[in-house]
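Participant: Mind looking over this structure? Questions follow.
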Amino acid sequence: MKLIRNGKNETVSDRVLDPAEKPMPALSAAQAKHLRGLAHHLRPVVRIGGRGLTATVLAEMEEALLAHELVKVRLRDLPDRRERRRLLVELAARTASHLAGAVGLTAVFFRPHPDPERRRIDPTAGRRPPRDAKRGS
């Protein structure tokens with residue numbers, strides 16, 4: 001699969017292994033909660049087996065993030081919690097995405113589309129308006 005970014009032709013593996021753009025700021029707790037809520041009804045798009053992060057898994061994750069922005073991932077054959085967490089953090093780093101949450105063997109990742117006109121998810125939409133200084137008046 002080829003990507004065209006900033007006038008350059010790149011393969012997905014180039015993009016996955018060497019993200020050129022600067023990372024977006026970390027998600028706040030409220031943003032992560034909002035994204036997890038949006039992902040609740042989603043089915044896992046990417047599955048990671050006992051082999052871990054293979055080139056195929058990374059390419060599939062990249063494709064899913066470009067198509068959907070919010071991706072649910074299912075892990076298999078990884079009974080150790082620390083190993084699962086390490087793998088999820090590495091996947092987020094290698095795909096320049098954010099880990100919005102993980103429960104058991106399921107995780108949710110978010111990365112906004114590189115083209116602002118094609119973005120469909122606003123991670124700030126879940127914020128509450130600021131509290132008024134004068135409450136009850």
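Labeling convention for the structure tokens: chains A, B, ... as they appear, residues from 1 per chain, ligands from 1 in order of appearance.
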Skipping near chain neighbours, those fewer than 5 positions away, what residues fall within 9 Å of Val46 (chain A) using only C-alpha atoms, listed as number ranges by chain?
Facilitator: A: 57, 60-61, 64, 71-75
Participant: Can you write just those residues out, C-alpha atoms, as a short mmCIF file (atom, residue, chain, number, x, y, z; two decimals), in the first residue's frame?
Facilitator:
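Saved as again_19.cif:
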```
data_model
loop_
_atom_site.label_atom_id
_atom_site.label_comp_id
_atom_site.auth_asym_id
_atom_site.auth_seq_id
_atom_site.Cartn_x
_atom_site.Cartn_y
_atom_site.Cartn_z
CA VAL A 57 0.13 -6.18 12.10
CA GLU A 60 -2.91 -3.37 9.14
CA MET A 61 -2.96 -0.98 12.10
CA ALA A 64 -7.11 0.99 10.03
CA VAL A 71 -9.45 1.52 16.23
CA LYS A 72 -10.20 -1.34 18.59
CA VAL A 73 -7.48 -3.99 18.87
CA ARG A 74 -7.83 -7.52 20.28
CA LEU A 75 -4.87 -9.39 21.76
#
```
Participant: Enumerate, in order of chain and increasing residue number, the residues of region 64-125 of chain A with an atom no farther than 10 Å from region 24-28 of chain A, each with its shortest atom pair and distance in Å to one decimal, counting only C-alpha atoms, as JSON lines.
Facilitator:
```
{"residue": "A:Ala96", "atom": "CA", "partner": "A:Met24", "partner_atom": "CA", "distance": 8.5}
{"residue": "A:Ser97", "atom": "CA", "partner": "A:Met24", "partner_atom": "CA", "distance": 8.6}
{"residue": "A:His98", "atom": "CA", "partner": "A:Leu27", "partner_atom": "CA", "distance": 7.3}
{"residue": "A:Leu99", "atom": "CA", "partner": "A:Leu27", "partner_atom": "CA", "distance": 8.7}
{"residue": "A:Ala100", "atom": "CA", "partner": "A:Leu27", "partner_atom": "CA", "distance": 7.6}
{"residue": "A:Phe110", "atom": "CA", "partner": "A:Leu27", "partner_atom": "CA", "distance": 9.5}
{"residue": "A:Arg111", "atom": "CA", "partner": "A:Met24", "partner_atom": "CA", "distance": 8.6}
{"residue": "A:Pro112", "atom": "CA", "partner": "A:Met24", "partner_atom": "CA", "distance": 9.0}
{"residue": "A:Pro123", "atom": "CA", "partner": "A:Leu27", "partner_atom": "CA", "distance": 8.1}
{"residue": "A:Thr124", "atom": "CA", "partner": "A:Ser28", "partner_atom": "CA", "distance": 9.1}
```
Participant: Quick one: residues within 12 Å of Glu90 (chain A), only C-alpha atoms, excluding same-chain residues fewer than 4 positions away - as a list in words?
Facilitator: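 The contact residues come out as Val16, Leu17, Gly52, Leu53, Thr54, Leu58, Glu83, Arg84, Arg85, Arg86, Arg94, Thr95, Ala96, Ser97, His98, Leu99 and Phe109 of chain A.
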Participant: Would you mind telling me which residue in A:Leu105, A:Ala29, A:Ala92, A:Leu66 lies nearest to Arg119 (chain A) when using only C-alpha atoms?
Facilitator: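 The shortest atom-to-atom distance to Arg119 (chain A) comes from A:Leu66.
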Participant: Skipping near chain neighbours, those fewer than 4 positions away, what residues fall within 8 Å of His34 (chain A) using only C-alpha atoms, listed as number ranges by chain?
Facilitator: A: 30, 38, 123, 125-126
Participant: Once you have the residues from the selection above, write them out as an mmCIF file, in the first residue's frame, restricted to N, CA and C atoms.
Facilitator:
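See result.cif below for the written result:
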```cif
data_model
loop_
_atom_site.group_PDB
_atom_site.id
_atom_site.type_symbol
_atom_site.label_atom_id
_atom_site.label_comp_id
_atom_site.auth_asym_id
_atom_site.auth_seq_id
_atom_site.Cartn_x
_atom_site.Cartn_y
_atom_site.Cartn_z
ATOM 1 N N ALA A 30 -10.251 13.059 30.304
ATOM 2 C CA ALA A 30 -11.597 13.267 29.762
ATOM 3 C C ALA A 30 -11.662 12.902 28.278
ATOM 4 N N LEU A 38 -16.863 6.286 22.552
ATOM 5 C CA LEU A 38 -17.135 6.181 21.124
ATOM 6 C C LEU A 38 -16.769 4.803 20.584
ATOM 7 N N PRO A 123 -11.512 14.662 19.539
ATOM 8 C CA PRO A 123 -11.303 14.135 20.884
ATOM 9 C C PRO A 123 -11.701 15.109 21.985
ATOM 10 N N ALA A 125 -14.530 16.729 22.043
ATOM 11 C CA ALA A 125 -15.987 16.833 22.095
ATOM 12 C C ALA A 125 -16.557 16.355 23.422
ATOM 13 N N GLY A 126 -15.856 15.540 24.144
ATOM 14 C CA GLY A 126 -16.361 15.003 25.397
ATOM 15 C C GLY A 126 -16.144 15.898 26.595
#
```
Participant: Just the number, please: distance in Å from CA of Pro79 (chain A) to CA of Ala55 (chain A), one decimal.
Facilitator: 22.1 Å
Participant: If we count only C-alpha atoms and set the cut-off at 9 Å, which residues sit around Asp77 (chain A), ignoring sequence neighbours fewer than 4 positions away in its own chain? Please answer as a PDB file with N, CA and C atoms, in the first residue's frame.
Facilitator:
```pdb
ATOM      1  N   ILE A  48      -3.923  -9.151  17.318  1.00  0.00           N
ATOM      2  CA  ILE A  48      -2.506  -9.420  17.525  1.00  0.00           C
ATOM      3  C   ILE A  48      -2.370 -10.769  18.218  1.00  0.00           C
ATOM      4  N   GLY A  49      -1.647 -11.670  17.578  1.00  0.00           N
ATOM      5  CA  GLY A  49      -1.474 -13.012  18.110  1.00  0.00           C
ATOM      6  C   GLY A  49      -0.172 -13.182  18.856  1.00  0.00           C
ATOM      7  N   GLY A  50       0.225 -14.419  19.029  1.00  0.00           N
ATOM      8  CA  GLY A  50       1.409 -14.767  19.792  1.00  0.00           C
ATOM      9  C   GLY A  50       2.709 -14.258  19.197  1.00  0.00           C
ATOM     10  N   ARG A  51       2.728 -13.942  17.918  1.00  0.00           N
ATOM     11  CA  ARG A  51       3.952 -13.430  17.289  1.00  0.00           C
ATOM     12  C   ARG A  51       4.211 -11.967  17.619  1.00  0.00           C
TER      13      ARG A  51
END
```
